[in-house]
Each structure stands twice: as structure tokens, then as C-alpha cells.
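Peer 1: For reference, the file my_file_17.tsv (TSV, C-alpha atoms and all ligand atoms) is included below:
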chain	number	residue	atom	x	y	z
A	1	MET	CA	52.41	-37.79	-136.83
A	2	LEU	CA	51.72	-37.33	-133.16
A	3	ASP	CA	54.99	-35.47	-132.88
A	4	LYS	CA	53.86	-33.09	-135.52
A	5	ILE	CA	50.72	-32.29	-133.54
A	6	LYS	CA	52.78	-31.82	-130.41
A	7	ASN	CA	55.13	-29.45	-132.20
A	8	ILE	CA	52.35	-27.33	-133.49
A	9	LYS	CA	50.80	-27.24	-130.03
A	10	ASN	CA	54.05	-26.15	-128.40
A	11	GLN	CA	54.61	-23.46	-130.97
A	12	MET	CA	51.08	-22.27	-130.55
A	13	GLU	CA	51.29	-22.08	-126.76
A	14	ALA	CA	54.48	-20.07	-127.06
A	15	PHE	CA	53.15	-17.67	-129.65
A	16	PRO	CA	53.72	-14.16	-128.33
A	17	ILE	CA	50.43	-12.28	-128.44
A	18	ARG	CA	50.96	-8.79	-127.12
A	19	ASP	CA	48.79	-6.50	-129.19
A	20	ILE	CA	46.13	-6.40	-131.84
A	21	GLU	CA	48.62	-7.05	-134.66
A	22	SER	CA	50.14	-10.19	-133.11
A	23	LEU	CA	46.63	-11.36	-132.21
A	24	GLU	CA	45.74	-11.12	-135.87
A	25	GLN	CA	48.87	-13.01	-136.89
A	26	PHE	CA	47.90	-15.74	-134.46
A	27	ARG	CA	44.43	-15.90	-135.93
A	28	ILE	CA	45.76	-16.20	-139.48
A	29	ALA	CA	48.24	-18.92	-138.49
A	30	TYR	CA	45.94	-21.14	-136.45
A	31	LEU	CA	42.37	-20.21	-137.34
A	32	GLY	CA	42.51	-18.54	-140.74
A	33	SER	CA	41.42	-20.16	-143.98
A	34	LYS	CA	44.97	-21.37	-144.65
A	35	ASN	CA	45.88	-22.29	-141.09
A	36	ILE	CA	48.45	-24.98	-140.31
A	37	ILE	CA	46.03	-27.29	-138.51
A	38	LYS	CA	43.87	-27.82	-141.57
A	39	PRO	CA	46.31	-29.99	-143.58
A	40	LEU	CA	46.46	-32.44	-140.66
A	41	PHE	CA	42.92	-33.53	-141.39
A	42	LYS	CA	44.01	-34.54	-144.90
A	43	GLU	CA	46.96	-36.46	-143.56
A	44	MET	CA	44.60	-38.52	-141.45
A	45	LYS	CA	44.07	-40.82	-144.44
A	46	GLN	CA	47.61	-42.11	-144.10
A	47	VAL	CA	47.09	-43.02	-140.45
A	48	PRO	CA	46.32	-46.73	-139.81
A	49	ALA	CA	42.58	-47.28	-139.34
A	50	GLU	CA	42.82	-48.33	-135.67
A	51	GLU	CA	44.71	-45.17	-134.70
A	52	ARG	CA	42.62	-42.83	-136.78
A	53	LYS	CA	39.99	-42.08	-134.16
A	54	ALA	CA	42.48	-41.10	-131.47
A	55	PHE	CA	44.39	-39.04	-134.00
A	56	GLY	CA	41.28	-37.20	-135.09
A	57	GLN	CA	40.51	-36.38	-131.49
A	58	ARG	CA	43.96	-34.88	-131.00
A	59	ILE	CA	43.55	-32.60	-133.99
A	60	ASN	CA	40.17	-31.46	-132.77
A	61	GLU	CA	41.60	-30.71	-129.35
A	62	LEU	CA	44.34	-28.70	-131.00
A	63	LYS	CA	41.80	-26.70	-132.93
A	64	GLN	CA	39.71	-26.03	-129.83
A	65	ARG	CA	42.78	-24.94	-127.93
A	66	ALA	CA	43.65	-22.46	-130.68
A	67	THR	CA	40.16	-20.97	-130.51
A	68	ALA	CA	40.24	-20.77	-126.71
A	69	LEU	CA	43.66	-19.10	-126.70
A	70	TYR	CA	42.54	-16.63	-129.30
A	71	GLU	CA	39.34	-15.65	-127.48
A	72	ALA	CA	41.09	-15.26	-124.14
A	73	LYS	CA	43.84	-13.07	-125.53
A	74	ARG	CA	41.41	-11.04	-127.55
A	75	ALA	CA	39.34	-10.22	-124.47
A	76	THR	CA	42.34	-9.05	-122.45
A	77	ILE	CA	43.77	-6.99	-125.29
A	78	HIS	CA	40.48	-5.20	-125.91
A	79	GLN	CA	40.04	-4.53	-122.22
A	80	ALA	CA	43.48	-3.04	-121.99
A	81	LYS	CA	42.78	-0.93	-125.01
A	82	SER	CA	39.62	0.66	-123.61
A	83	LYS	CA	41.38	1.29	-120.31
A	84	ASP	CA	44.17	3.03	-122.22
A	85	GLN	CA	41.64	5.16	-123.96
A	86	ALA	CA	39.95	6.05	-120.71
A	87	GLN	CA	43.24	7.16	-119.27
A	88	SER	CA	44.03	9.26	-122.30
A	89	ILE	CA	41.01	11.55	-121.81
A	90	ASP	CA	42.27	15.01	-120.98
A	91	LEU	CA	39.87	16.34	-118.40
A	92	SER	CA	41.26	19.84	-118.64
A	93	ALA	CA	40.71	20.16	-122.40
A	94	PRO	CA	38.07	22.72	-123.48
A	95	GLY	CA	34.74	21.13	-124.49
A	96	TYR	CA	33.43	20.88	-128.03
A	97	PRO	CA	30.57	23.31	-128.58
A	98	HIS	CA	27.21	21.57	-129.00
A	99	ARG	CA	25.10	22.66	-131.93
A	100	ILE	CA	21.98	24.14	-130.40
A	101	GLY	CA	18.71	23.75	-132.27
A	102	SER	CA	16.47	26.70	-132.97
A	103	ARG	CA	12.75	27.25	-132.99
A	104	HIS	CA	11.04	27.00	-136.35
A	105	PRO	CA	9.98	30.40	-137.75
A	106	ILE	CA	6.35	29.27	-137.84
A	107	ARG	CA	6.58	28.34	-134.18
A	108	ILE	CA	8.16	31.71	-133.33
A	109	VAL	CA	5.34	33.67	-134.98
A	110	MET	CA	2.70	31.33	-133.59
A	111	GLU	CA	3.98	31.78	-130.05
A	112	LYS	CA	4.08	35.53	-130.51
A	113	LEU	CA	0.45	35.55	-131.64
A	114	VAL	CA	-0.60	33.26	-128.80
A	115	ARG	CA	1.10	35.53	-126.27
A	116	ILE	CA	-0.71	38.58	-127.64
A	117	PHE	CA	-4.10	36.93	-127.15
A	118	GLU	CA	-3.26	35.29	-123.84
A	119	HIS	CA	-2.48	38.75	-122.55
A	120	ILE	CA	-6.16	39.66	-122.89
A	121	GLY	CA	-7.56	36.47	-121.42
A	122	PHE	CA	-7.74	33.96	-124.26
A	123	VAL	CA	-6.69	30.39	-123.50
A	124	VAL	CA	-5.23	27.90	-125.97
A	125	ALA	CA	-7.47	25.08	-127.19
A	126	GLU	CA	-5.98	22.20	-129.15
A	127	GLU	CA	-7.89	19.71	-131.23
A	128	ARG	CA	-7.49	16.88	-133.70
A	129	GLU	CA	-6.23	17.32	-137.25
A	130	ILE	CA	-8.26	14.37	-138.54
A	131	GLU	CA	-11.82	15.62	-138.30
A	132	ASP	CA	-15.26	14.51	-139.28
A	133	ASP	CA	-17.40	16.28	-141.81
A	134	TRP	CA	-19.75	17.60	-139.11
A	135	HIS	CA	-17.22	19.52	-137.05
A	136	ASN	CA	-15.27	20.86	-140.03
A	137	PHE	CA	-18.22	21.85	-142.24
A	138	THR	CA	-21.80	21.11	-141.24
A	139	ALA	CA	-21.69	22.49	-137.70
A	140	MET	CA	-19.91	25.52	-139.10
A	141	HIS	CA	-22.92	26.19	-141.28
A	142	THR	CA	-21.17	25.27	-144.50
A	143	PRO	CA	-23.87	23.77	-146.69
A	144	ASP	CA	-23.35	20.60	-148.69
A	145	ASP	CA	-22.97	22.45	-151.96
A	146	HIS	CA	-20.45	24.99	-150.68
A	147	PRO	CA	-17.36	25.17	-152.91
A	148	ALA	CA	-15.06	24.68	-149.90
A	149	ARG	CA	-16.33	21.12	-149.73
A	150	ASP	CA	-15.20	20.36	-153.23
A	151	MET	CA	-12.97	17.33	-153.62
A	152	GLN	CA	-10.44	19.78	-155.06
A	153	ASP	CA	-9.98	21.43	-151.71
A	154	THR	CA	-10.43	18.77	-149.09
A	155	PHE	CA	-8.37	15.68	-148.33
A	156	TYR	CA	-10.85	12.96	-147.45
A	157	LEU	CA	-9.69	9.78	-145.75
A	158	GLN	CA	-9.98	6.92	-148.17
A	159	ASP	CA	-11.49	4.22	-146.01
A	160	ALA	CA	-13.34	6.18	-143.35
A	161	LYS	CA	-16.64	7.68	-144.35
A	162	ASP	CA	-16.97	11.40	-143.62
A	163	MET	CA	-13.47	11.71	-142.20
A	164	LEU	CA	-11.08	14.35	-143.50
A	165	LEU	CA	-8.01	16.41	-142.72
A	166	ARG	CA	-9.34	19.65	-141.27
A	167	THR	CA	-9.32	22.43	-143.82
A	168	HIS	CA	-9.34	25.19	-141.20
A	169	THR	CA	-9.01	25.59	-137.44
A	170	SER	CA	-12.66	26.67	-137.35
A	171	SER	CA	-13.38	23.01	-136.60
A	172	VAL	CA	-12.03	23.70	-133.11
A	173	GLN	CA	-14.89	26.17	-132.60
A	174	SER	CA	-17.51	23.46	-132.89
A	175	ARG	CA	-15.53	21.07	-130.68
A	176	VAL	CA	-15.13	23.68	-127.95
A	177	MET	CA	-18.74	24.91	-128.05
A	178	GLU	CA	-19.99	21.34	-127.76
A	179	THR	CA	-18.04	20.70	-124.58
A	180	GLN	CA	-17.72	24.06	-122.82
A	181	LYS	CA	-20.25	26.49	-121.49
A	182	PRO	CA	-19.94	30.24	-122.10
A	183	PRO	CA	-18.10	32.40	-121.31
A	184	ILE	CA	-15.72	30.94	-123.91
A	185	ARG	CA	-12.54	32.72	-124.88
A	186	ILE	CA	-10.17	30.49	-126.81
A	187	ILE	CA	-7.49	30.64	-129.45
A	188	ALA	CA	-6.62	27.52	-131.39
A	189	PRO	CA	-3.30	27.39	-133.22
A	190	GLY	CA	-2.64	24.41	-135.45
A	191	ARG	CA	-1.98	22.76	-138.77
A	192	VAL	CA	-4.56	22.60	-141.55
A	193	TYR	CA	-4.64	20.86	-144.93
A	194	ARG	CA	-5.97	21.65	-148.37
A	195	ASN	CA	-5.71	19.85	-151.64
A	196	GLU	CA	-3.82	22.64	-153.40
A	197	THR	CA	-1.04	22.57	-155.93
A	198	ILE	CA	2.21	23.32	-154.14
A	199	SER	CA	3.88	26.51	-155.31
A	200	ALA	CA	5.90	29.41	-153.91
A	201	ARG	CA	2.64	30.96	-152.67
A	202	SER	CA	0.52	28.04	-151.54
A	203	HIS	CA	1.01	24.67	-149.92
A	204	CYS	CA	-1.18	21.69	-149.11
A	205	GLN	CA	-0.40	22.11	-145.42
A	206	PHE	CA	-0.15	25.32	-143.45
A	207	HIS	CA	-0.98	26.81	-140.06
A	208	GLN	CA	-3.80	28.93	-138.72
A	209	ILE	CA	-4.88	30.49	-135.47
A	210	GLU	CA	-8.56	30.54	-134.68
A	211	GLY	CA	-10.19	32.75	-132.10
A	212	LEU	CA	-13.60	32.43	-130.47
A	213	TYR	CA	-15.27	34.63	-127.87
A	214	ILE	CA	-18.76	33.82	-126.60
A	215	ASP	CA	-20.58	35.43	-123.73
A	216	LYS	CA	-23.68	37.50	-123.00
A	217	ASN	CA	-23.81	40.82	-124.87
A	218	VAL	CA	-20.71	40.36	-127.01
A	219	SER	CA	-20.81	42.94	-129.79
A	220	PHE	CA	-19.09	43.80	-133.05
A	221	ALA	CA	-17.37	46.65	-131.19
A	222	ASP	CA	-15.76	44.09	-128.84
A	223	MET	CA	-14.46	42.22	-131.85
A	224	LYS	CA	-13.08	45.35	-133.45
A	225	GLN	CA	-11.22	46.39	-130.31
A	226	THR	CA	-9.81	42.89	-129.79
A	227	LEU	CA	-8.54	42.66	-133.35
A	228	PHE	CA	-7.14	46.19	-133.35
A	229	TYR	CA	-5.32	45.39	-130.14
A	230	TYR	CA	-3.80	42.32	-131.82
A	231	ALA	CA	-2.81	44.21	-134.97
A	232	ARG	CA	-1.12	46.99	-133.00
A	233	ALA	CA	0.79	44.50	-130.86
A	234	MET	CA	1.88	42.63	-133.97
A	235	TYR	CA	2.51	45.43	-136.49
A	236	GLY	CA	3.22	48.48	-134.32
A	237	ALA	CA	1.14	50.99	-132.37
A	238	ASP	CA	0.68	53.34	-135.30
A	239	VAL	CA	-0.30	50.74	-137.89
A	240	LYS	CA	-3.14	51.74	-140.22
A	241	LEU	CA	-6.05	49.28	-140.14
A	242	ARG	CA	-9.36	48.73	-141.87
A	243	LEU	CA	-12.24	46.30	-141.52
A	244	ARG	CA	-13.75	45.38	-144.87
A	245	PRO	CA	-17.13	43.61	-145.29
A	246	SER	CA	-16.75	40.01	-146.40
A	247	TYR	CA	-18.55	36.68	-146.40
A	248	PHE	CA	-17.99	33.46	-144.42
A	249	PRO	CA	-20.64	30.78	-143.94
A	250	PHE	CA	-20.17	30.70	-140.17
A	251	THR	CA	-20.31	34.41	-139.37
A	252	GLU	CA	-22.90	37.14	-139.90
A	253	PRO	CA	-21.91	39.86	-140.46
A	254	SER	CA	-18.44	38.91	-141.70
A	255	ALA	CA	-15.38	41.05	-142.26
A	256	GLU	CA	-11.73	40.95	-143.15
A	257	LEU	CA	-9.02	42.90	-141.39
A	258	ASP	CA	-6.47	44.68	-143.58
A	259	VAL	CA	-3.17	46.12	-142.43
A	260	TYR	CA	-1.60	48.99	-144.37
A	261	TRP	CA	1.71	47.71	-145.67
A	262	GLY	CA	2.84	50.61	-147.80
A	263	LEU	CA	3.29	51.12	-151.52
A	264	GLU	CA	6.79	52.37	-152.06
A	265	SER	CA	8.84	49.57	-153.57
A	266	GLU	CA	8.18	47.12	-156.31
A	267	ASP	CA	7.97	44.42	-153.64
A	268	ASP	CA	5.21	46.37	-151.88
A	269	TYR	CA	3.28	46.41	-155.14
A	270	ARG	CA	3.69	42.70	-155.59
A	271	ILE	CA	2.84	41.76	-151.98
A	272	THR	CA	-0.23	44.00	-151.76
A	273	LYS	CA	-1.34	43.52	-155.36
A	274	GLY	CA	-0.96	47.22	-155.95
A	275	THR	CA	-3.31	48.37	-153.17
A	276	GLY	CA	-0.88	48.93	-150.32
A	277	TRP	CA	-3.24	46.93	-148.07
A	278	LEU	CA	-2.64	43.46	-146.79
A	279	GLU	CA	-5.41	41.12	-145.74
A	280	VAL	CA	-4.45	39.39	-142.48
A	281	LEU	CA	-7.57	37.66	-141.15
A	282	GLY	CA	-11.23	36.76	-141.56
A	283	CYS	CA	-13.69	37.45	-138.77
A	284	GLY	CA	-17.30	38.09	-137.86
A	285	MET	CA	-20.12	37.62	-135.39
A	286	VAL	CA	-20.78	33.91	-134.90
A	287	ASP	CA	-23.86	32.98	-136.93
A	288	PRO	CA	-26.77	32.12	-134.57
A	289	GLN	CA	-27.21	28.88	-136.52
A	290	VAL	CA	-23.66	27.84	-135.58
A	291	LEU	CA	-24.44	28.44	-131.90
A	292	THR	CA	-27.60	26.36	-132.20
A	293	ASN	CA	-25.74	23.57	-134.03
A	294	CYS	CA	-23.31	23.36	-131.14
A	295	GLY	CA	-25.86	23.51	-128.34
A	296	ILE	CA	-25.57	27.15	-127.30
A	297	ASP	CA	-28.71	29.28	-127.05
A	298	PRO	CA	-28.37	32.26	-129.45
A	299	GLU	CA	-31.14	34.08	-127.56
A	300	ILE	CA	-28.88	34.33	-124.53
A	301	TYR	CA	-25.38	34.33	-125.98
A	302	SER	CA	-23.55	35.98	-128.83
A	303	GLY	CA	-19.93	35.96	-129.89
A	304	PHE	CA	-17.28	36.72	-132.43
A	305	ALA	CA	-14.71	34.56	-134.18
A	306	PHE	CA	-11.67	35.09	-136.31
A	307	GLY	CA	-9.13	33.03	-138.21
A	308	MET	CA	-5.73	33.92	-139.59
A	309	GLY	CA	-2.95	32.19	-141.50
A	310	ILE	CA	0.45	32.03	-139.87
A	311	GLU	CA	2.72	31.37	-142.86
A	312	ARG	CA	1.93	34.64	-144.51
A	313	GLN	CA	2.67	36.65	-141.39
A	314	ALA	CA	5.94	34.77	-140.95
A	315	MET	CA	6.85	35.39	-144.61
A	316	LEU	CA	6.27	39.10	-144.17
A	317	GLN	CA	8.13	39.32	-140.90
A	318	TYR	CA	11.21	37.49	-142.14
A	319	LYS	CA	11.01	38.44	-145.84
A	320	ILE	CA	10.71	34.84	-146.98
A	321	ASN	CA	9.38	34.65	-150.51
A	322	ASP	CA	8.69	30.94	-150.89
A	323	ILE	CA	6.26	29.14	-148.57
A	324	ARG	CA	7.91	25.79	-149.35
A	325	MET	CA	10.96	26.81	-147.33
A	326	PHE	CA	8.97	26.23	-144.15
A	327	PHE	CA	8.49	22.54	-144.87
A	328	GLU	CA	11.85	21.51	-146.29
A	329	ASN	CA	13.78	21.28	-143.02
A	330	ASP	CA	16.90	22.73	-144.61
A	331	VAL	CA	19.26	23.40	-141.72
A	332	ARG	CA	20.83	26.36	-143.54
A	333	PHE	CA	17.40	28.00	-143.56
A	334	LEU	CA	16.37	26.99	-140.05
A	335	GLN	CA	19.54	28.02	-138.27
A	336	GLN	CA	19.01	31.62	-139.34
A	337	PHE	CA	16.33	31.83	-136.65
A	338	ALA	CA	18.61	30.67	-133.84
A	339	ALA	CA	18.79	34.13	-132.31
A	340	GLU	CA	15.01	34.60	-132.12
A	401	LIG	N1	-11.90	29.52	-141.57
A	401	LIG	C1	-11.61	30.63	-142.45
A	401	LIG	C2	-10.59	30.20	-143.49
A	401	LIG	O1	-9.94	29.20	-143.31
A	401	LIG	C3	-11.08	31.81	-141.68
A	401	LIG	C4	-12.11	32.41	-140.77
A	401	LIG	C5	-12.93	33.43	-141.24
A	401	LIG	C6	-12.25	31.97	-139.48
A	401	LIG	C7	-13.87	34.01	-140.41
A	401	LIG	C8	-13.21	32.54	-138.65
A	401	LIG	C9	-14.01	33.57	-139.13
A	401	LIG	O2	-13.37	32.14	-137.38
A	401	LIG	O3	-14.91	34.14	-138.31
A	401	LIG	O4	-10.44	30.85	-144.48
Go through the file and emit its structure as C-alpha cells.

Peer 2:
Amino acid sequence: MLDKIKNIKNQMEAFPIRDIESLEQFRIAYLGSKNIIKPLFKEMKQVPAEERKAFGQRINELKQRATALYEAKRATIHQAKSKDQAQSIDLSAPGYPHRIGSRHPIRIVMEKLVRIFEHIGFVVAEEREIEDDWHNFTAMHTPDDHPARDMQDTFYLQDAKDMLLRTHTSSVQSRVMETQKPPIRIIAPGRVYRNETISARSHCQFHQIEGLYIDKNVSFADMKQTLFYYARAMYGADVKLRLRPSYFPFTEPSAELDVYWGLESEDDYRITKGTGWLEVLGCGMVDPQVLTNCGIDPEIYSGFAFGMGIERQAMLQYKINDIRMFFENDVRFLQQFAAE
């Protein structure tokens, strides 16, 4: 019996392990589920009781030796392998091109708009997307029974009273007026949310840019010139523009700015609903009540504000006819803007 153990041990010590394959053969022979050490444990029964303990010890030692041999060889073989690999790197080979990401089309248009306004002295203001009812609605002179407050339109937070996802960037106006003293000249780009059915034309999340200008003696003429400057920078120096009277709770008087798009193709008809004109933003003189709500004296200061959607301008610029494309993160769509 003891001879048998010795034989196995000698064979094992002499086993030629040179590479991964022979290492695996070694493992199967001495450590695998059908290894040749295992049957020895069964044979132990035939060994006289007084020798059994010593015999058992020898088998265990044999098993441990097999494991130790295996681990040691495995370590050296793997080391050699990674060294081999390191040496096989060809430092003169041309590199693989890295795929470069691209800016999102919304970001491209947003940055363009921001640059236009920065050029005439506006600074960017950023604020939270989770707002309270006061800053989104009440401060902005939107009465309790205003349809914009309807559960249909606003995402309210379930467990926090009066908290919501801002429905427009106008909420930034109230935040800024509360904390800054005039003169104020800010633009606020950002994401807004509305509880709308998602379709090719509308989404429950989109982007806006808000503008606010407050100082002494700010007039409607200042607003008109500012917005015309923007529209010419964005749509070309000879673009046809019109300001149309409108209504917003937070401005008085209120207006909308239309850009003449043209009425030549069927697409033009569809996009402009047959008028040739395209509405690009809402604007107006800040309602004195809004100034008061935010701690600014309307007897001393006046101002104008405007708000525009970014998706629509991006859709027009890049001829994208489904707003959902912006939010799907399809690389085939996104990489088309790599050159911008
Ligand atoms: N907040 C308005 C909206 O989401 C847009 C708007 C209109 C903003 C007039 C303004 C404004 O600042 O003066 O539809």
C-alpha cells in the first residue's frame, strides 16, 4: 500500500508541466473528480486498524502536495503568458481609431441660443427641476384655478406636498428675482416636464430657454429690439418677423414672436398650419404683481421676459419630424451630429 502511494508521488513529481494544456492534464489526473488519489481513501478499509491513521495522513499529504504543485506551476505559467503577450505588442502598428462622441442636437441648438444672448450681456442662470408650487405658479401670478395647474398638465411629487416637476423655465425668474437685485439680465436654459401624451409632436419632457431683463426704464421697445436681434442671429438677417398680441399670466402686455417660414411646399403648409408663419416664443412686460411677489418694487423697476422651446427649433433646423428621436439615444441618430 505504502509503495503505491510512493509510486503515485514519484510520478506526480515527475509530471512534465510546461504549458496550459499539460497543466490541465495534471489537474485532471491528480485533482479532478476522477483523480487517482481518490480510490486510495476507499482502500483504507483494508488497512489494519493500527496502521490506518498513519496511512490516512500519507494520502492527505499526497493530496496537499498535488494542490501545491498545481498552484505553483499555474502561477508561473500565467506569468510567462502575460509576459509573452507584453512582448508581442507591436509598438509601430497604427492605432485603432477611437469612436468620438458628439453633442446632442438639443445641446447644439441650446448652446447656439445661449451664445446669441450672451453676446448682448445676458448671463446663464440655472435652477432646480423639482420646484415648489410657489416658484412655478403662484409667484408667477398663475392663479389657483388656472388651467396650467390642472393635474393633466403637471407632474406633482407623490409624497411631498406642493412639490412638482417644473412645467416651464419661468420658475427660474422667481428664484432669480428673490435673490438678486436689479439690474437683472439672465437666460435660463433647462429641462421642463408636462403630463402630456407622448407623440411625434409632443413629449412629457422637453427644453426651454427663459429670458429676464429687469432694470429702471426698461420698455417694450427694448424687448422688441432684443428679440429681433435674436431672431436675425438665429434665422438670418433678412428674416421676416412679427409680434402678435397674446396672453400669459405673468406678463402684461404679452406677445408672441412669429418667424416667417414660407409657404411653398406641402411641408411648409403642415409646419405652419397653412399660414406661413411660425410661432417661436412667448414674451411680454413682467407683470408688476410678479415683481411685487418676488420682492422688487414695480414703482422703480420694470422688465421684460420671454420663453422659448428648444425642441421645435432643433426640429426645424435639422428637419427632424419626430420629437421622440431626441430622447431615444439611438446612436445612428446621434452620430449624424458629429460634425456640428
Ligand atoms: N412659460 C411660458 C410657457 O411655458 C413661456 C413664456 C411666455 C415665458 C411668456 C415668458 C413669457 O417668460 O414672458 O409656455

Peer 1: Which of these residues is nearest to ligand LIG 401 (chain A), using all atoms listed in the file: A:Leu227, A:Asp238, A:Val290, A:Thr169?

Peer 2: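 Checking each candidate against ligand LIG 401 (chain A), we get A:Thr169 as the closest.
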
Peer 1: Determine, for each residue of chain A having at least one atom at most 8 Å from an atom of ligand LIG 401 (chain A), the closest pair of atoms and their separation in Å to one decimal, counting all atoms listed in the file; order by chain and ascending number, as CSV.

Peer 2:
residue,atom,partner,partner_atom,distance
A:Thr167,CA,A:LIG401,O1,6.8
A:His168,CA,A:LIG401,O1,4.6
A:Thr169,CA,A:LIG401,N1,6.4
A:Ser170,CA,A:LIG401,N1,5.1
A:Gln173,CA,A:LIG401,O2,7.8
A:Gln208,CA,A:LIG401,O1,7.7
A:Glu210,CA,A:LIG401,O2,5.7
A:Gly211,CA,A:LIG401,O2,6.2
A:Leu212,CA,A:LIG401,O2,6.9
A:Phe248,CA,A:LIG401,C7,5.8
A:Phe250,CA,A:LIG401,O3,6.6
A:Thr251,CA,A:LIG401,O3,5.5
A:Ser254,CA,A:LIG401,C7,6.8
A:Ala255,CA,A:LIG401,C7,7.4
A:Glu256,CA,A:LIG401,C7,7.8
A:Leu281,CA,A:LIG401,C5,6.8
A:Gly282,CA,A:LIG401,C5,3.8
A:Cys283,CA,A:LIG401,O3,3.6
A:Gly284,CA,A:LIG401,O3,4.6
A:Met285,CA,A:LIG401,O3,6.9
A:Val286,CA,A:LIG401,O3,6.8
A:Phe304,CA,A:LIG401,O3,6.8
A:Ala305,CA,A:LIG401,O3,4.2
A:Phe306,CA,A:LIG401,O2,3.6
A:Gly307,CA,A:LIG401,C6,3.5
A:Met308,CA,A:LIG401,C3,6.1
A:Gly309,CA,A:LIG401,O1,7.8

Peer 1: Generate a file of the selected residues that holds C-alpha atoms, formatted as an mmCIF file, keeping the file's coordinate frame.

Peer 2:
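Dumped everything to part.cif:
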data_model
loop_
_atom_site.group_PDB
_atom_site.id
_atom_site.type_symbol
_atom_site.label_atom_id
_atom_site.label_comp_id
_atom_site.auth_asym_id
_atom_site.auth_seq_id
_atom_site.Cartn_x
_atom_site.Cartn_y
_atom_site.Cartn_z
ATOM 1 C CA THR A 167 -9.320 22.430 -143.820
ATOM 2 C CA HIS A 168 -9.340 25.190 -141.200
ATOM 3 C CA THR A 169 -9.010 25.590 -137.440
ATOM 4 C CA SER A 170 -12.660 26.670 -137.350
ATOM 5 C CA GLN A 173 -14.890 26.170 -132.600
ATOM 6 C CA GLN A 208 -3.800 28.930 -138.720
ATOM 7 C CA GLU A 210 -8.560 30.540 -134.680
ATOM 8 C CA GLY A 211 -10.190 32.750 -132.100
ATOM 9 C CA LEU A 212 -13.600 32.430 -130.470
ATOM 10 C CA PHE A 248 -17.990 33.460 -144.420
ATOM 11 C CA PHE A 250 -20.170 30.700 -140.170
ATOM 12 C CA THR A 251 -20.310 34.410 -139.370
ATOM 13 C CA SER A 254 -18.440 38.910 -141.700
ATOM 14 C CA ALA A 255 -15.380 41.050 -142.260
ATOM 15 C CA GLU A 256 -11.730 40.950 -143.150
ATOM 16 C CA LEU A 281 -7.570 37.660 -141.150
ATOM 17 C CA GLY A 282 -11.230 36.760 -141.560
ATOM 18 C CA CYS A 283 -13.690 37.450 -138.770
ATOM 19 C CA GLY A 284 -17.300 38.090 -137.860
ATOM 20 C CA MET A 285 -20.120 37.620 -135.390
ATOM 21 C CA VAL A 286 -20.780 33.910 -134.900
ATOM 22 C CA PHE A 304 -17.280 36.720 -132.430
ATOM 23 C CA ALA A 305 -14.710 34.560 -134.180
ATOM 24 C CA PHE A 306 -11.670 35.090 -136.310
ATOM 25 C CA GLY A 307 -9.130 33.030 -138.210
ATOM 26 C CA MET A 308 -5.730 33.920 -139.590
ATOM 27 C CA GLY A 309 -2.950 32.190 -141.500
#

Peer 1: Just want the 12 Å neighbourhood of Thr76 of chain A, counted on only C-alpha atoms, with same-chain residues fewer than 6 positions away dropped. Output as a PDB file with C-alpha atoms, keeping the file's coordinate frame.

Peer 2:
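Output below, filename result_27.pdb:
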ATOM      1  CA  ILE A  17      50.430 -12.280-128.440  1.00  0.00           C
ATOM      2  CA  ARG A  18      50.960  -8.790-127.120  1.00  0.00           C
ATOM      3  CA  ASP A  19      48.790  -6.500-129.190  1.00  0.00           C
ATOM      4  CA  ILE A  20      46.130  -6.400-131.840  1.00  0.00           C
ATOM      5  CA  LEU A  23      46.630 -11.360-132.210  1.00  0.00           C
ATOM      6  CA  LEU A  69      43.660 -19.100-126.700  1.00  0.00           C
ATOM      7  CA  TYR A  70      42.540 -16.630-129.300  1.00  0.00           C
ATOM      8  CA  SER A  82      39.620   0.660-123.610  1.00  0.00           C
ATOM      9  CA  LYS A  83      41.380   1.290-120.310  1.00  0.00           C
TER      10      LYS A  83
END

Peer 1: Could you name the residues that touch segment 323-339 of chain A at 6 Å or less, counting only C-alpha atoms, but leaving out those on the same chain fewer than 3 positions away, as a count of residues only?

Peer 2: 3

Peer 1: Quick one: pull the distance between atom CA of Pro183 of chain A and atom CA of Phe220 of chain A, Å, one decimal.

Peer 2: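 Computing it gives 16.4 Å between the two atoms.
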
Peer 1: What gap, in Å, lies between atom CA of Glu118 of chain A and atom CA of Val172 of chain A?

Peer 2: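 Here the two named atoms are 17.2 Å from each other.
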
Peer 1: Using atom CA of His135 of chain A and atom CA of Gly295 of chain A as the two end points, give the distance in Å to one decimal.

Peer 2: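 Atom CA of His135 of chain A sits 12.9 Å away from atom CA of Gly295 of chain A.
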
Peer 1: If we count all atoms listed in the file and set the cut-off at 10 Å, which residues sit around Leu157 of chain A, ignoring sequence neighbours fewer than 6 positions away in its own chain? Please answer as an MDAnalysis selection string.

Peer 2: chainID A and resid 130:132 163:165

Peer 1: Which of these, A:Ala125, A:Leu243, A:Leu316, A:Leu31, has the shortest distance to Glu71 of chain A once you count all atoms listed in the file?

Peer 2: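 That would be A:Leu31, the residue with the smallest distance to Glu71 of chain A.
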
Peer 1: Taking all atoms listed in the file into account, which of A:Ala160, A:Val176, A:Ile5, A:Ala139 comes nearest Thr292 of chain A?

Peer 2: A:Ala139

Peer 1: With a distance cut-off of 12 Å and all atoms listed in the file, select the neighbouring residues of Tyr230 of chain A, excluding the residue or stretch itself and same-chain residues fewer than 2 positions from it, and output the selection as number ranges by chain.

Peer 2: A: 112-120, 122, 211, 223-228, 232-237, 239, 241, 257, 259, 280-281, 306, 308

Peer 1: Give me, as a list of chain:residue names, all polymer residues having an atom no more than 9 Å from Leu40 of chain A, counting only C-alpha atoms and skipping those fewer than 3 positions away in the same chain.

Peer 2: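 After dropping sequence-adjacent residues, the list is A:Met1, A:Ile5, A:Ile36, A:Ile37, A:Glu43, A:Met44, A:Gly56, A:Ile59.
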
Peer 1: From the options A:Ser22, A:Asn35, A:Gln313, A:Thr272, which residue's atoms come nearest to Ile8 of chain A, counting all atoms listed in the file?

Peer 2: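 Ranking A:Ser22, A:Asn35, A:Gln313, A:Thr272 by distance to Ile8 of chain A, first place goes to A:Asn35.
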
Peer 1: Box in all listed atoms of segment 130-145 of chain A, axis-aligned, with 5 Å more on each side; write out centre and edge lengths in Å to one decimal as AutoDock Vina command-line options.

Peer 2:
--center_x -16.1 --center_y 20.3 --center_z -144.5 --size_x 25.6 --size_y 21.8 --size_z 24.9

Peer 1: Which one of A:Ala72, A:Asp159, A:Met140, A:Ala188 sits closest to Glu111 of chain A if you count only C-alpha atoms?

Peer 2: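 Residue with the minimum atom-to-atom distance to Glu111 of chain A: A:Ala188.
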
Peer 1: Which residue, A:Glu13, A:Gly303, A:Leu278, A:Ile198, has the smallest gap to Pro253 of chain A when you use all atoms listed in the file?

Peer 2: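 Ranking A:Glu13, A:Gly303, A:Leu278, A:Ile198 by distance to Pro253 of chain A, first place goes to A:Gly303.
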